[in-house]
Structure formats: structure tokens, C-alpha cells
>>> print(open('work20.cif').read())   # mmCIF, C-alpha atoms and all ligand atoms
data_upload
#
loop_
_atom_site.label_atom_id
_atom_site.label_comp_id
_atom_site.auth_asym_id
_atom_site.auth_seq_id
_atom_site.Cartn_x
_atom_site.Cartn_y
_atom_site.Cartn_z
CA VAL N 1 41.94 56.76 132.35
CA SER N 2 44.02 56.52 129.23
CA ALA N 3 47.03 58.69 128.47
CA PRO N 4 46.09 61.97 126.85
CA ALA N 5 46.50 62.59 123.18
CA VAL N 6 47.03 66.25 124.03
CA PRO N 7 47.64 67.10 127.69
CA PRO N 8 46.06 70.42 128.67
CA ALA N 9 48.83 72.92 129.35
CA ALA N 10 48.31 73.61 133.03
CA ALA N 11 47.66 70.03 134.01
CA PRO N 12 50.60 67.72 133.48
CA ALA N 13 49.36 64.73 131.53
CA ALA N 14 45.84 65.49 132.79
CA ALA N 15 43.98 63.24 130.50
CA PRO N 16 40.94 63.72 128.39
CA ALA N 17 39.47 60.67 130.09
CA SER N 18 37.70 57.66 128.73
CA PRO N 19 34.64 57.60 128.46
CA PRO N 20 35.23 59.44 125.22
CA GLU N 21 34.87 63.12 124.55
CA GLU N 22 31.40 62.83 123.02
CA LYS N 23 29.98 61.04 126.05
CA LEU N 24 31.54 63.53 128.45
CA ARG N 25 30.13 66.41 126.42
CA GLU N 26 26.65 64.84 126.58
CA LEU N 27 26.99 64.67 130.34
CA GLY N 28 28.21 68.28 130.47
CA LEU N 29 31.49 67.07 131.99
CA TYR N 30 34.02 67.75 129.22
CA PRO N 31 36.37 70.31 130.78
CA TRP N 32 39.22 70.64 128.27
CA PHE N 33 39.91 73.19 125.52
CA ARG N 34 37.45 75.74 126.90
CA VAL N 35 37.41 78.79 124.64
CA VAL N 36 38.40 81.84 126.67
CA GLU N 37 36.65 84.81 125.10
CA ALA N 38 38.42 87.41 127.22
CA SER N 39 40.80 87.51 130.18
CA ASP N 40 41.99 90.23 132.51
CA GLY N 41 44.03 87.81 134.66
CA PRO N 42 41.87 87.22 137.75
CA THR N 43 38.77 86.57 135.65
CA VAL N 44 37.95 85.03 132.28
CA ILE N 45 34.89 85.13 130.07
CA ILE N 46 33.79 81.70 128.83
CA ASP N 47 30.46 81.06 127.09
CA GLY N 48 29.66 84.72 127.71
CA ARG N 49 29.95 84.35 131.51
CA ARG N 50 32.62 85.95 133.68
CA LEU N 51 34.31 83.43 135.99
CA VAL N 52 36.95 83.72 138.68
CA ASN N 53 40.05 82.27 137.05
CA LEU N 54 41.72 79.71 139.29
CA ALA N 55 43.05 77.82 136.27
CA SER N 56 46.05 79.86 135.14
CA ASN N 57 49.79 79.75 135.78
CA ASN N 58 49.84 83.53 135.55
CA TYR N 59 50.98 83.69 139.17
CA LEU N 60 52.26 87.29 139.17
CA ALA N 61 49.51 88.40 136.76
CA LEU N 62 52.12 89.47 134.20
CA ALA N 63 50.07 88.22 131.24
CA ASN N 64 48.00 91.38 131.54
CA ASP N 65 50.71 93.74 132.78
CA ALA N 66 50.96 96.97 130.78
CA ARG N 67 54.77 96.96 131.07
CA LEU N 68 54.99 93.63 129.23
CA ILE N 69 52.34 94.55 126.70
CA ASP N 70 54.13 97.84 125.87
CA ALA N 71 57.49 96.08 125.48
CA ALA N 72 55.99 93.37 123.27
CA THR N 73 54.17 95.94 121.13
CA ALA N 74 57.33 98.02 120.63
CA ALA N 75 59.28 94.89 119.65
CA MET N 76 56.63 93.88 117.17
CA ARG N 77 56.75 97.31 115.55
CA ARG N 78 60.52 97.18 115.31
CA TRP N 79 61.10 93.58 114.14
CA GLY N 80 57.68 92.43 112.90
CA ILE N 81 55.28 89.77 114.11
CA GLY N 82 57.38 86.68 113.54
CA VAL N 83 60.93 85.64 112.71
CA THR N 84 59.90 83.13 109.99
CA GLY N 85 62.62 80.60 110.67
CA SER N 86 65.06 78.73 112.87
CA ARG N 87 67.36 80.70 115.13
CA ALA N 88 70.29 78.89 113.55
CA LEU N 89 69.56 80.26 110.09
CA ASN N 90 67.36 83.32 109.98
CA GLY N 91 65.20 83.68 113.08
CA ASN N 92 67.57 84.89 115.80
CA ALA N 93 66.08 88.33 116.54
CA ALA N 94 68.18 90.65 118.71
CA ALA N 95 65.46 90.65 121.38
CA GLY N 96 65.90 86.87 121.72
CA ALA N 97 69.70 87.00 121.74
CA GLU N 98 69.59 89.62 124.51
CA LEU N 99 67.04 87.57 126.47
CA GLU N 100 69.35 84.57 126.28
CA ARG N 101 72.16 86.56 127.90
CA ARG N 102 69.81 87.89 130.54
CA VAL N 103 68.36 84.54 131.64
CA ALA N 104 71.87 83.11 131.95
CA ALA N 105 72.90 86.03 134.19
CA PHE N 106 69.63 85.88 136.16
CA THR N 107 69.99 82.16 136.94
CA GLY N 108 73.75 82.32 137.56
CA ALA N 109 74.53 79.94 134.68
CA GLU N 110 77.55 80.20 132.38
CA ALA N 111 75.21 80.11 129.41
CA ALA N 112 71.62 79.59 128.36
CA VAL N 113 69.93 78.55 125.14
CA LEU N 114 66.43 79.69 124.20
CA PHE N 115 63.95 77.29 122.62
CA PRO N 116 60.52 77.94 121.07
CA SER N 117 58.81 76.52 124.19
CA GLY N 118 59.50 74.75 127.45
CA TYR N 119 58.48 71.50 125.78
CA HIS N 120 61.08 72.07 123.05
CA ALA N 121 63.71 72.94 125.67
CA MET N 122 63.06 69.69 127.51
CA ALA N 123 63.02 67.68 124.28
CA GLY N 124 66.33 69.25 123.26
CA ALA N 125 68.12 69.22 126.59
CA VAL N 126 67.35 65.77 127.98
CA PRO N 127 68.93 63.65 125.22
CA ILE N 128 72.05 65.84 125.24
CA ALA N 129 72.31 66.12 129.03
CA ALA N 130 71.92 62.32 129.17
CA ARG N 131 75.18 61.76 127.29
CA GLY N 132 77.49 59.68 129.43
CA CYS N 133 74.50 58.50 131.45
CA GLU N 134 73.16 54.98 131.07
CA ARG N 135 69.83 55.73 132.70
CA ILE N 136 67.21 58.41 133.11
CA VAL N 137 65.32 58.67 136.38
CA HIS N 138 62.16 60.78 136.77
CA ALA N 139 58.90 60.87 138.70
CA ALA N 140 56.35 58.32 137.53
CA ARG N 141 53.84 61.09 136.98
CA ALA N 142 56.26 63.73 135.79
CA HIS N 143 55.06 66.36 133.35
CA GLY N 144 54.46 64.89 129.88
CA SER N 145 57.34 66.89 128.42
CA ILE N 146 59.78 65.07 130.73
CA ALA N 147 58.40 61.63 129.91
CA ASP N 148 58.47 62.38 126.17
CA ALA N 149 62.04 63.71 126.33
CA ALA N 150 63.19 60.67 128.32
CA ARG N 151 61.67 58.38 125.68
CA ALA N 152 63.44 60.34 122.94
CA ALA N 153 66.75 59.85 124.75
CA SER N 154 66.36 56.05 124.47
CA ARG N 155 67.81 55.14 127.83
CA GLU N 156 66.75 52.69 130.47
CA THR N 157 64.23 54.65 132.55
CA GLY N 158 63.56 54.38 136.27
CA THR N 159 60.56 56.09 137.85
CA PHE N 160 59.65 56.96 141.42
CA ASP N 161 56.29 57.78 143.03
CA ASP N 162 57.57 59.92 145.85
CA PHE N 163 60.89 61.57 146.71
CA ASP N 164 61.27 59.00 149.50
CA ALA N 165 61.48 56.35 146.78
CA LEU N 166 64.18 58.18 144.80
CA GLU N 167 67.24 57.24 146.87
CA PRO N 168 67.21 53.48 146.06
CA LEU N 169 67.17 54.32 142.35
CA LEU N 170 70.39 56.27 142.74
CA HIS N 171 72.50 53.20 143.42
CA GLY N 172 73.97 51.96 140.15
CA SER N 173 75.23 53.31 136.87
CA ARG N 174 75.41 57.03 136.08
CA ALA N 175 71.96 58.52 135.59
CA LEU N 176 70.36 61.74 134.47
CA VAL N 177 67.86 62.53 137.25
CA VAL N 178 65.04 64.83 136.12
CA VAL N 179 62.97 66.56 138.79
CA GLU N 180 60.31 69.28 138.71
CA GLY N 181 61.44 72.10 141.02
CA VAL N 182 57.82 72.91 141.84
CA SER N 183 55.37 70.19 140.90
CA ALA N 184 53.08 71.30 138.07
CA ALA N 185 50.29 69.18 139.54
CA ASP N 186 50.21 70.12 143.20
CA GLY N 187 52.72 72.92 143.70
CA ARG N 188 54.98 70.95 146.01
CA ILE N 189 58.56 72.26 146.21
CA ALA N 190 61.10 69.48 145.65
CA PRO N 191 63.78 69.04 148.32
CA LEU N 192 66.45 69.98 145.81
CA GLY N 193 69.20 70.50 148.37
CA GLU N 194 68.95 66.85 149.43
CA ILE N 195 68.40 65.57 145.91
CA ALA N 196 71.41 67.49 144.57
CA ALA N 197 73.60 66.20 147.40
CA LEU N 198 72.49 62.61 146.73
CA CYS N 199 73.12 63.00 143.00
CA ALA N 200 76.58 64.45 143.66
CA ARG N 201 77.40 61.61 146.07
CA HIS N 202 76.38 58.94 143.54
CA GLY N 203 77.92 60.72 140.53
CA HIS N 204 74.66 61.48 138.73
CA ARG N 205 73.62 64.50 136.72
CA LEU N 206 70.55 66.47 137.81
CA LEU N 207 68.20 68.32 135.46
CA ILE N 208 65.57 70.54 137.02
CA ASP N 209 62.35 71.47 135.25
CA ASP N 210 61.48 74.68 137.05
CA SER N 211 58.52 75.73 134.93
CA HIS N 212 56.35 76.35 138.00
CA GLY N 213 59.10 77.66 140.29
CA PHE N 214 60.86 80.12 137.99
CA GLY N 215 59.51 83.61 138.69
CA VAL N 216 57.79 82.80 141.99
CA VAL N 217 60.24 80.84 144.16
CA GLY N 218 63.72 81.91 145.27
CA ARG N 219 65.22 85.38 145.52
CA ARG N 220 63.33 87.66 143.13
CA GLY N 221 61.90 84.57 141.43
CA ARG N 222 65.26 83.02 140.54
CA GLY N 223 63.60 79.64 141.03
CA THR N 224 63.77 76.48 143.07
CA LEU N 225 67.53 75.98 142.64
CA ASP N 226 68.12 79.39 144.20
CA HIS N 227 65.52 78.64 146.89
CA SER N 228 67.44 75.44 147.74
CA GLY N 229 70.94 76.93 147.54
CA VAL N 230 71.93 74.72 144.59
CA ALA N 231 74.05 76.23 141.79
CA ILE N 232 73.83 75.40 138.10
CA GLY N 233 77.01 73.68 136.88
CA GLU N 234 78.50 70.73 135.04
CA ASP N 235 76.11 68.27 136.68
CA VAL N 236 73.17 70.58 137.47
CA VAL N 237 71.14 71.75 134.48
CA LEU N 238 68.07 74.00 134.50
CA VAL N 239 65.24 73.80 131.98
CA THR N 240 62.25 76.07 132.26
CA THR N 241 59.43 77.64 130.37
CA LEU N 242 58.95 81.37 129.89
CA SER N 243 55.22 80.85 129.51
CA LYS N 244 53.98 80.65 133.08
CA THR N 245 55.02 83.31 135.62
CA LEU N 246 56.90 85.21 132.91
CA ALA N 247 53.67 85.10 130.90
CA SER N 248 55.38 84.99 127.52
CA ASN N 249 56.26 82.11 125.19
CA GLY N 250 59.43 80.08 124.88
CA GLY N 251 61.71 78.16 127.17
CA PHE N 252 65.40 77.79 127.88
CA ALA N 253 68.05 75.42 129.12
CA ALA N 254 70.84 76.83 131.30
CA GLY N 255 74.14 75.17 132.17
CA THR N 256 77.79 75.27 131.23
CA ARG N 257 79.14 76.91 128.07
CA ARG N 258 79.93 73.44 126.78
CA LEU N 259 76.35 72.27 127.22
CA ALA N 260 75.06 75.41 125.52
CA GLU N 261 77.38 74.80 122.58
CA GLN N 262 76.17 71.22 122.27
CA LEU N 263 72.56 72.39 122.39
CA ARG N 264 73.13 75.07 119.77
CA ASN N 265 74.80 72.63 117.42
CA GLU N 266 72.83 69.46 117.99
CA ALA N 267 69.45 69.99 119.66
CA THR N 268 67.03 69.30 116.82
CA PRO N 269 63.98 70.83 118.61
CA LEU N 270 65.96 74.10 118.44
CA LEU N 271 67.50 73.71 114.99
CA TYR N 272 64.34 72.56 113.22
CA SER N 273 61.84 74.93 114.79
CA VAL N 274 61.19 78.64 114.72
CA GLY N 275 62.89 81.24 116.95
CA LEU N 276 60.94 83.21 119.53
CA THR N 277 58.77 85.99 118.17
CA PRO N 278 60.26 89.42 118.99
CA ALA N 279 57.15 90.17 121.03
CA ALA N 280 57.65 87.02 123.13
CA ALA N 281 61.34 87.76 123.67
CA ALA N 282 60.74 91.41 124.58
CA GLY N 283 57.77 90.45 126.78
CA ALA N 284 59.94 87.97 128.68
CA GLN N 285 62.65 90.61 129.08
CA ALA N 286 60.09 93.03 130.50
CA ALA N 287 58.96 90.25 132.87
CA LEU N 288 62.57 89.92 134.07
CA ASP N 289 62.64 93.70 134.63
CA VAL N 290 59.53 93.32 136.82
CA LEU N 291 61.08 90.44 138.78
CA GLU N 292 64.25 92.47 139.32
CA THR N 293 62.54 95.64 140.49
CA ASP N 294 58.91 95.16 141.59
CA ASP N 295 58.28 94.14 145.18
CA ALA N 296 54.56 94.85 145.16
CA LEU N 297 53.36 91.96 142.99
CA PRO N 298 55.13 89.17 144.92
CA ALA N 299 53.78 90.72 148.14
CA ARG N 300 50.24 90.78 146.76
CA LEU N 301 50.58 87.18 145.60
CA ALA N 302 51.80 86.07 149.03
CA ALA N 303 48.91 87.91 150.72
CA ASN N 304 46.37 86.32 148.38
CA VAL N 305 47.81 82.85 148.86
CA ALA N 306 47.66 83.29 152.65
CA ALA N 307 44.09 84.62 152.50
CA PHE N 308 42.93 81.74 150.31
CA ALA N 309 44.62 79.18 152.60
CA GLU N 310 42.91 80.76 155.62
CA GLY N 311 39.55 80.76 153.83
CA LEU N 312 39.84 77.05 153.01
CA GLN N 313 40.86 76.31 156.57
CA ALA N 314 38.04 78.37 158.07
CA ARG N 315 35.45 76.56 155.96
CA GLY N 316 36.92 73.14 156.67
CA ILE N 317 37.52 72.46 152.99
CA PRO N 318 40.03 69.60 152.79
CA HIS N 319 42.95 70.58 150.58
CA ARG N 320 46.66 70.32 150.02
CA HIS N 321 48.93 73.31 149.87
CA HIS N 322 52.72 73.57 149.91
CA GLY N 323 53.22 77.33 150.25
CA THR N 324 53.22 77.99 146.48
CA PRO N 325 50.21 79.54 144.66
CA VAL N 326 48.78 76.08 143.85
CA PHE N 327 46.09 74.34 145.92
CA THR N 328 44.53 70.94 145.29
CA VAL N 329 41.22 69.54 146.51
CA ALA N 330 41.09 65.75 146.29
CA ALA N 331 38.00 64.31 144.64
CA GLY N 332 38.59 60.56 144.97
CA SER N 333 38.08 59.50 141.36
CA ASP N 334 38.38 60.92 137.87
CA LEU N 335 34.61 61.11 137.46
CA ARG N 336 34.28 63.06 140.68
CA VAL N 337 37.07 65.38 139.55
CA LEU N 338 35.09 66.16 136.40
CA ARG N 339 31.89 66.64 138.40
CA THR N 340 33.67 69.01 140.77
CA VAL N 341 35.15 71.06 137.93
CA ALA N 342 31.73 71.22 136.22
CA MET N 343 29.95 72.29 139.41
CA LEU N 344 32.57 74.93 140.15
CA PHE N 345 32.17 76.16 136.58
CA GLU N 346 28.38 76.50 137.08
CA ARG N 347 29.10 78.45 140.25
CA GLY N 348 31.47 80.84 138.49
CA VAL N 349 34.92 79.32 139.02
CA PHE N 350 37.31 78.13 136.29
CA SER N 351 39.51 75.30 137.64
CA VAL N 352 41.77 72.52 136.36
CA PRO N 353 40.99 68.80 136.54
CA LEU N 354 43.86 66.53 137.57
CA THR N 355 42.98 62.99 136.63
CA ALA N 356 44.69 59.82 137.82
CA ALA N 357 47.09 59.84 134.84
CA ALA N 358 48.63 63.01 136.25
CA ALA N 359 48.27 62.89 139.99
CA THR N 360 45.96 61.97 142.80
CA PRO N 361 42.54 62.75 141.28
CA ALA N 362 41.98 66.33 142.38
CA VAL N 363 40.94 69.79 141.33
CA ARG N 364 43.85 72.20 140.90
CA LEU N 365 43.29 75.82 141.92
CA SER N 366 45.87 78.56 141.46
CA ILE N 367 45.91 82.01 142.96
CA ILE N 368 47.40 85.06 141.25
CA ALA N 369 48.61 88.43 142.51
CA THR N 370 45.65 90.43 141.19
CA HIS N 371 42.72 88.39 142.51
CA ASP N 372 40.76 90.72 144.78
CA GLY N 373 39.07 89.87 148.07
CA GLN N 374 35.65 89.62 146.46
CA GLN N 375 36.87 87.15 143.83
CA LEU N 376 38.64 84.98 146.39
CA GLY N 377 35.55 85.10 148.63
CA ASP N 378 33.26 84.12 145.74
CA ALA N 379 35.56 81.25 144.83
CA LEU N 380 35.66 80.01 148.44
CA GLN N 381 31.86 80.15 148.61
CA ALA N 382 31.55 78.15 145.36
CA LEU N 383 34.06 75.61 146.66
CA ASP N 384 32.24 75.28 149.97
CA GLU N 385 28.93 74.58 148.20
CA THR N 386 30.53 72.16 145.73
CA VAL N 387 32.52 70.25 148.32
CA THR N 388 29.36 69.86 150.40
CA ALA N 389 27.14 68.85 147.45
CA LEU N 390 29.63 66.25 146.21
CA ARG N 391 30.58 65.08 149.72
CA LEU N 392 34.26 65.75 149.13
CA ARG N 393 34.88 66.31 152.83
CA GLU N 394 34.88 62.53 153.12
CA VAL N 395 37.67 62.09 150.56
CA ARG N 396 41.15 61.56 151.92
CA PRO N 397 43.35 64.35 150.50
C1 LIG F 1 56.42 71.15 134.42
C2 LIG F 1 56.32 71.67 133.02
N1 LIG F 1 57.34 71.46 132.18
C3 LIG F 1 57.30 71.91 130.91
C4 LIG F 1 56.21 72.58 130.42
C5 LIG F 1 56.20 73.00 128.97
O1 LIG F 1 56.35 74.36 128.82
P1 LIG F 1 55.75 75.10 127.52
O2 LIG F 1 54.29 75.28 127.78
O3 LIG F 1 56.51 76.35 127.40
O4 LIG F 1 55.97 74.18 126.35
C6 LIG F 1 55.14 72.84 131.27
C7 LIG F 1 53.93 73.57 130.78
O5 LIG F 1 53.01 72.98 130.30
C8 LIG F 1 55.18 72.35 132.60
O6 LIG F 1 54.13 72.52 133.43
#
>>> encode(input="work20.cif", output="C-alpha cells", more="lines below")
Ligand SMILES: Cc1ncc(COP(=O)(O)O)c(C=O)c1O
Amino acid sequence: VSAPAVPPAAAPAAAPASPPEEKLRELGLYPWFRVVEASDGPTVIIDGRRLVNLASNNYLALANDARLIDAATAAMRRWGIGVTGSRALNGNAAAGAELERRVAAFTGAEAAVLFPSGYHAMAGAVPIAARGCERIVHAARAHGSIADAARAASRETGTFDDFDALEPLLHGSRALVVVEGVSAADGRIAPLGEIAALCARHGHRLLIDDSHGFGVVGRRGRGTLDHSGVAIGEDVVLVTTLSKTLASNGGFAAGTRRLAEQLRNEATPLLYSVGLTPAAAAGAQAALDVLETDDALPARLAANVAAFAEGLQARGIPHRHHGTPVFTVAAGSDLRVLRTVAMLFERGVFSVPLTAAAATPAVRLSIIATHDGQQLGDALQALDETVTALRLREVRP
């Protein structure tokens, strides 16, 4: 499977596979760029059919939350639809400036800098955080934004397949070590306590991409650093999106005041791209309000995740699960991944293909707070039938 021209958002470097798009379409196996005609969170309408949506990163269901929609609407009325320029020059709406202060306080960082997206934040932060480092170390199948940013930083790059293989790479010259707090592919929580201690011992700098941990892991969703008891500081930098659990758009890097100043003055993905829309900034602020005050949604998410795990277990469906809202069902090969996704689609479930470029070939399923029992039951039934029809019980997860 070749590297993707455009990796689908939820699936890190999940590749539009060869054979080419046309062939896959003929076979009814092309799963990318589905047009979602409507979405209420737990379900989507695609090709006029309502499906259970197990393909989002909308873990707390905030994308459809009236509190966020009201805040975004009010901001749009006050400041307009867009900011029409770079934050440095003319696009730094008050809603964004306030959000920047709030995410710094929320994550316990001295300062934070907002970018137009998580991808931009990574592209801006890695080359600057890598100053004084001769090397960059990241997972071999890290999210595409990490690999791209590392390339842009023009450093010697070391990659590891598993956290067990990270330690040997830490001997040697000073490195910037980039780790996903929660793996985008399979939802595994990185052992950040150990990794941070190793980095400190060897004099390396650690940069965490917490796009899938921020909002769902740690106290009130403060993220994987909080979950692991690691504080942001001179040699611990956080980069995350605001587009997954927080259900908005944008991303930020958080660290020391000095780092923030460098980013503001030198990060070209910030300087040469537009500021956040007021609606996105106000929506993200309303999402923070929910994280700070609402106990019901995290409780519902936890209950749904537990129920889905029990359902898979009860039906003997082989899967991997690391306690986060993400589940994977191994399919053995890229072609079988595409067949599984297509069969689930026929049976009313929207899921994400993870091809070998991204991970172990598997189907990625994510649970959100507002799935109801019927939807989870229907999805389990569809999975049971699919796993049996495609003989996936024989595949080693
Ligand atoms: C691990 C990871 N990092 C970064 C990003 C990029 O975030 P954004 O979609 O805001 O550009 C994503 C989302 O695709 C992601 O999953």
C-alpha cells in the first residue's frame, strides 16, 4: 500500500490503497471521502441511508451540542464568519485571543499559541522545538502530521515500532522525541510517565501530540500529560488539535513563554495562514466550559465504552481496546480491511479503515457519549455477522 496523497482525517496515514481509486470503486470497496449528508453525532446519513457512526472522533458528542452551537452562532453574529487574514496582521479575533489564554490555563502551561489546525500547530512547533536538538525521534507509523513536521525540521530522524524499542534510540545526541499521547490509530495511551523520565534522564526534549487524549483523558479532559502526572515545561511541549473531542477547528502548542514567543514570531504555518474563525474559537471555549462543568457526558461515554467492550467480549469478536473510546478489529490485510468496512457499511455501520501504512491492518471503531443502547446493539450485530462472514475470528489481533 502506497503512502496516501491525502490521509483521511480520522485515520493517521490510512492510505487510499493501490489498486487505484477507480478499481476500488468498481469493486465497491472505496471507503474514503464519503459524503455525509447529515449527522446528529451517533448516526450519519450517507447515500440517503442512516448508519450508526463509529467513524468519528466526536467522543463527547460536542459537535452537536447546543451549548457549542449557540456560542458559535453568537460569535459569528458579533465578529462575522471569518477573520480574513493571519493572526499576526489582521485575523486575531478576541474570541481566539481569549481561547489562547484559556487553553494555557487549562493545561497548566505558561503560554499557548493557537494555530489554524492541529496539523499547522505540529508543522509550526516541531521545527522550533527541535532547536538545539540534532535528532527527531518518533513512532514509525506516527500520524502524518508528525512525520511531515519532522521532515520540515530537516534533522536526522529515528523511528520506533513500539515503545519497548524507544529506549535504545535515546542514547546519543540531544533529540526531540515526539509521541502521540493517545494513539490516533488504536487508542492506546502512551506510558508518558516513563517516557518523560527517560527523556529527562538522557537530556532530550519531549513533544506530545495529544489530539486524541485532550478532552477525554486526564482530570476533566486535561489530557494524557495530566493522566500521567507529567507537567508542561522547558523540555515538555504539548501540541493538540481542537477538532476532535472539542469538536471545533484549530490547534495549539503549549509550553514556556519563551517557546510561545518564538512560535508567534517565527512559526510560518501560523504567520502565513488565517486565524481561527470566531465561531471556531467560541465553540472551543464553550467546549472547555463543558469539560470544566459537565460530569454527565464523560460518565455516559464511559458507560458506552464499557457496554461496547462487553458486547464484543460476549460475542467473541476479537478486538483490541485500551480503555479509551477507540476499538480496533484486526482484518489481516488491507484488502480484508476494505471488505470489512464495506460489509459493515452495507449492514448500517460507518467505520474507519486502517491500512498497513498506518497500523496493523484493522477496522477502527469509536464510541461516543450519545450512542444509545439500540445503536450499539445494532453495531455489535453487524460486526458479529461481518466478522463471521469474512472469517476474521481467525485473524491474530
Ligand atoms: C494524532 C493527530 N495529530 C494531529 C492531527 C491534526 O489535527 P487537525 O485535524 O486539527 O489538523 C490529527 C487529526 O487528524 C491527529 O489524529
>>> residues_around(input="work20.cif", residues="N:His171", least_positions_apart="4", cutoff="12 Å", atoms="all atoms listed in the file", output="PyMOL selection string")
chain N and resi 135+137+158+165-167+175+198-204
>>> residues_around(input="work20.cif", residues="N:Pro42", least_positions_apart="4", cutoff="9 Å", atoms="all atoms listed in the file", output="PDB file with C-alpha atoms, keeping the file's coordinate frame")
ATOM      1  CA  LEU N  51      34.310  83.430 135.990  1.00  0.00           C
ATOM      2  CA  VAL N  52      36.950  83.720 138.680  1.00  0.00           C
ATOM      3  CA  ASN N  53      40.050  82.270 137.050  1.00  0.00           C
ATOM      4  CA  LEU N  54      41.720  79.710 139.290  1.00  0.00           C
ATOM      5  CA  SER N  56      46.050  79.860 135.140  1.00  0.00           C
ATOM      6  CA  ALA N  61      49.510  88.400 136.760  1.00  0.00           C
ATOM      7  CA  ILE N 367      45.910  82.010 142.960  1.00  0.00           C
ATOM      8  CA  ILE N 368      47.400  85.060 141.250  1.00  0.00           C
ATOM      9  CA  ALA N 369      48.610  88.430 142.510  1.00  0.00           C
ATOM     10  CA  THR N 370      45.650  90.430 141.190  1.00  0.00           C
ATOM     11  CA  HIS N 371      42.720  88.390 142.510  1.00  0.00           C
ATOM     12  CA  ASP N 372      40.760  90.720 144.780  1.00  0.00           C
ATOM     13  CA  GLN N 375      36.870  87.150 143.830  1.00  0.00           C
TER      14      GLN N 375
END
>>> residues_around(input="work20.cif", residues="N:Asp289", least_positions_apart="4", cutoff="12 Å", atoms="only C-alpha atoms", output="list in words")
Leu62, Arg67, Leu68, Ala71, Leu99, Arg102, Val103, Phe106, Gly215, Arg220, Gly221, Leu246, Ala282, Gly283, Ala284, Gln285, Thr293, Asp294 and Asp295 of chain N
>>> closest_residue(input="work20.cif", among="N:Arg50, N:Arg25, N:Arg347, N:His212", to="ligand LIG 1 (chain F)", atoms="only C-alpha atoms and all ligand atoms")
N:His212
>>> residues_near_ligand(input="work20.cif", ligand="ligand LIG 1 (chain F)", cutoff="8 Å", atoms="all atoms listed in the file", output="PDB file with C-alpha atoms, keeping the file's coordinate frame")
ATOM      1  CA  PRO N   8      46.060  70.420 128.670  1.00  0.00           C
ATOM      2  CA  ALA N   9      48.830  72.920 129.350  1.00  0.00           C
ATOM      3  CA  ALA N  10      48.310  73.610 133.030  1.00  0.00           C
ATOM      4  CA  ALA N  11      47.660  70.030 134.010  1.00  0.00           C
ATOM      5  CA  PRO N  12      50.600  67.720 133.480  1.00  0.00           C
ATOM      6  CA  PRO N 116      60.520  77.940 121.070  1.00  0.00           C
ATOM      7  CA  SER N 117      58.810  76.520 124.190  1.00  0.00           C
ATOM      8  CA  GLY N 118      59.500  74.750 127.450  1.00  0.00           C
ATOM      9  CA  TYR N 119      58.480  71.500 125.780  1.00  0.00           C
ATOM     10  CA  HIS N 120      61.080  72.070 123.050  1.00  0.00           C
ATOM     11  CA  ALA N 121      63.710  72.940 125.670  1.00  0.00           C
ATOM     12  CA  MET N 122      63.060  69.690 127.510  1.00  0.00           C
ATOM     13  CA  ALA N 142      56.260  63.730 135.790  1.00  0.00           C
ATOM     14  CA  HIS N 143      55.060  66.360 133.350  1.00  0.00           C
ATOM     15  CA  GLY N 144      54.460  64.890 129.880  1.00  0.00           C
ATOM     16  CA  SER N 145      57.340  66.890 128.420  1.00  0.00           C
ATOM     17  CA  ILE N 146      59.780  65.070 130.730  1.00  0.00           C
ATOM     18  CA  GLU N 180      60.310  69.280 138.710  1.00  0.00           C
ATOM     19  CA  VAL N 182      57.820  72.910 141.840  1.00  0.00           C
ATOM     20  CA  SER N 183      55.370  70.190 140.900  1.00  0.00           C
ATOM     21  CA  ALA N 184      53.080  71.300 138.070  1.00  0.00           C
ATOM     22  CA  ALA N 185      50.290  69.180 139.540  1.00  0.00           C
ATOM     23  CA  ASP N 209      62.350  71.470 135.250  1.00  0.00           C
ATOM     24  CA  ASP N 210      61.480  74.680 137.050  1.00  0.00           C
ATOM     25  CA  SER N 211      58.520  75.730 134.930  1.00  0.00           C
ATOM     26  CA  HIS N 212      56.350  76.350 138.000  1.00  0.00           C
ATOM     27  CA  THR N 240      62.250  76.070 132.260  1.00  0.00           C
ATOM     28  CA  THR N 241      59.430  77.640 130.370  1.00  0.00           C
ATOM     29  CA  LEU N 242      58.950  81.370 129.890  1.00  0.00           C
ATOM     30  CA  SER N 243      55.220  80.850 129.510  1.00  0.00           C
ATOM     31  CA  LYS N 244      53.980  80.650 133.080  1.00  0.00           C
ATOM     32  CA  ASN N 249      56.260  82.110 125.190  1.00  0.00           C
ATOM     33  CA  GLY N 250      59.430  80.080 124.880  1.00  0.00           C
ATOM     34  CA  GLY N 251      61.710  78.160 127.170  1.00  0.00           C
TER      35      GLY N 251
END
>>> atom_distance(input="work20.cif", atom1="atom CA of N:His227", atom2="atom CA of N:Ala66")
28.4 Å
>>> closest_residue(input="work20.cif", among="N:Leu344, N:Val179, N:Ala139, N:Leu89", to="N:Pro191", atoms="all atoms listed in the file")
N:Val179
>>> atom_distance(input="work20.cif", atom1="atom CA of N:Gly41", atom2="atom CA of N:Asn64")
6.2 Å
>>> atom_distance(input="work20.cif", atom1="atom CA of N:Val239", atom2="atom CA of N:Ala149")
12.0 Å
>>> closest_residue(input="work20.cif", among="N:Ala279, N:Val217, N:Ala379, N:Ala38", to="N:Arg78", atoms="all atoms listed in the file")
N:Ala279
>>> residues_around(input="work20.cif", residues="N:Val36", least_positions_apart="3", cutoff="10 Å", atoms="all atoms listed in the file", output="VMD selection string")
chain N and resid 33 39 44 to 48 50
>>> closest_residue(input="work20.cif", among="N:Gly181, N:Glu26, N:Ala281, N:Leu206", to="N:Ala97", atoms="all atoms listed in the file")
N:Ala281
>>> closest_residue(input="work20.cif", among="N:Ala94, N:Ala72, N:Ala130, N:Ala190", to="N:Arg174", atoms="all atoms listed in the file")
N:Ala130
>>> closest_residue(input="work20.cif", among="N:Gly28, N:Pro127, N:Gly187, N:Gly373", to="N:His322", atoms="all atoms listed in the file")
N:Gly187
>>> residues_near_point(input="work20.cif", point="(48.9, 61.9, 140.9)", cutoff="9 Å", atoms="only C-alpha atoms", output="PyMOL selection string")
chain N and resi 140-141+161+185-186+354-362
>>> residues_around(input="work20.cif", residues="stretch 234-237 of chain N", least_positions_apart="6", cutoff="8 Å", atoms="only C-alpha atoms", output="ChimeraX atom specification")
/N:129,196,200,204-208,253-256
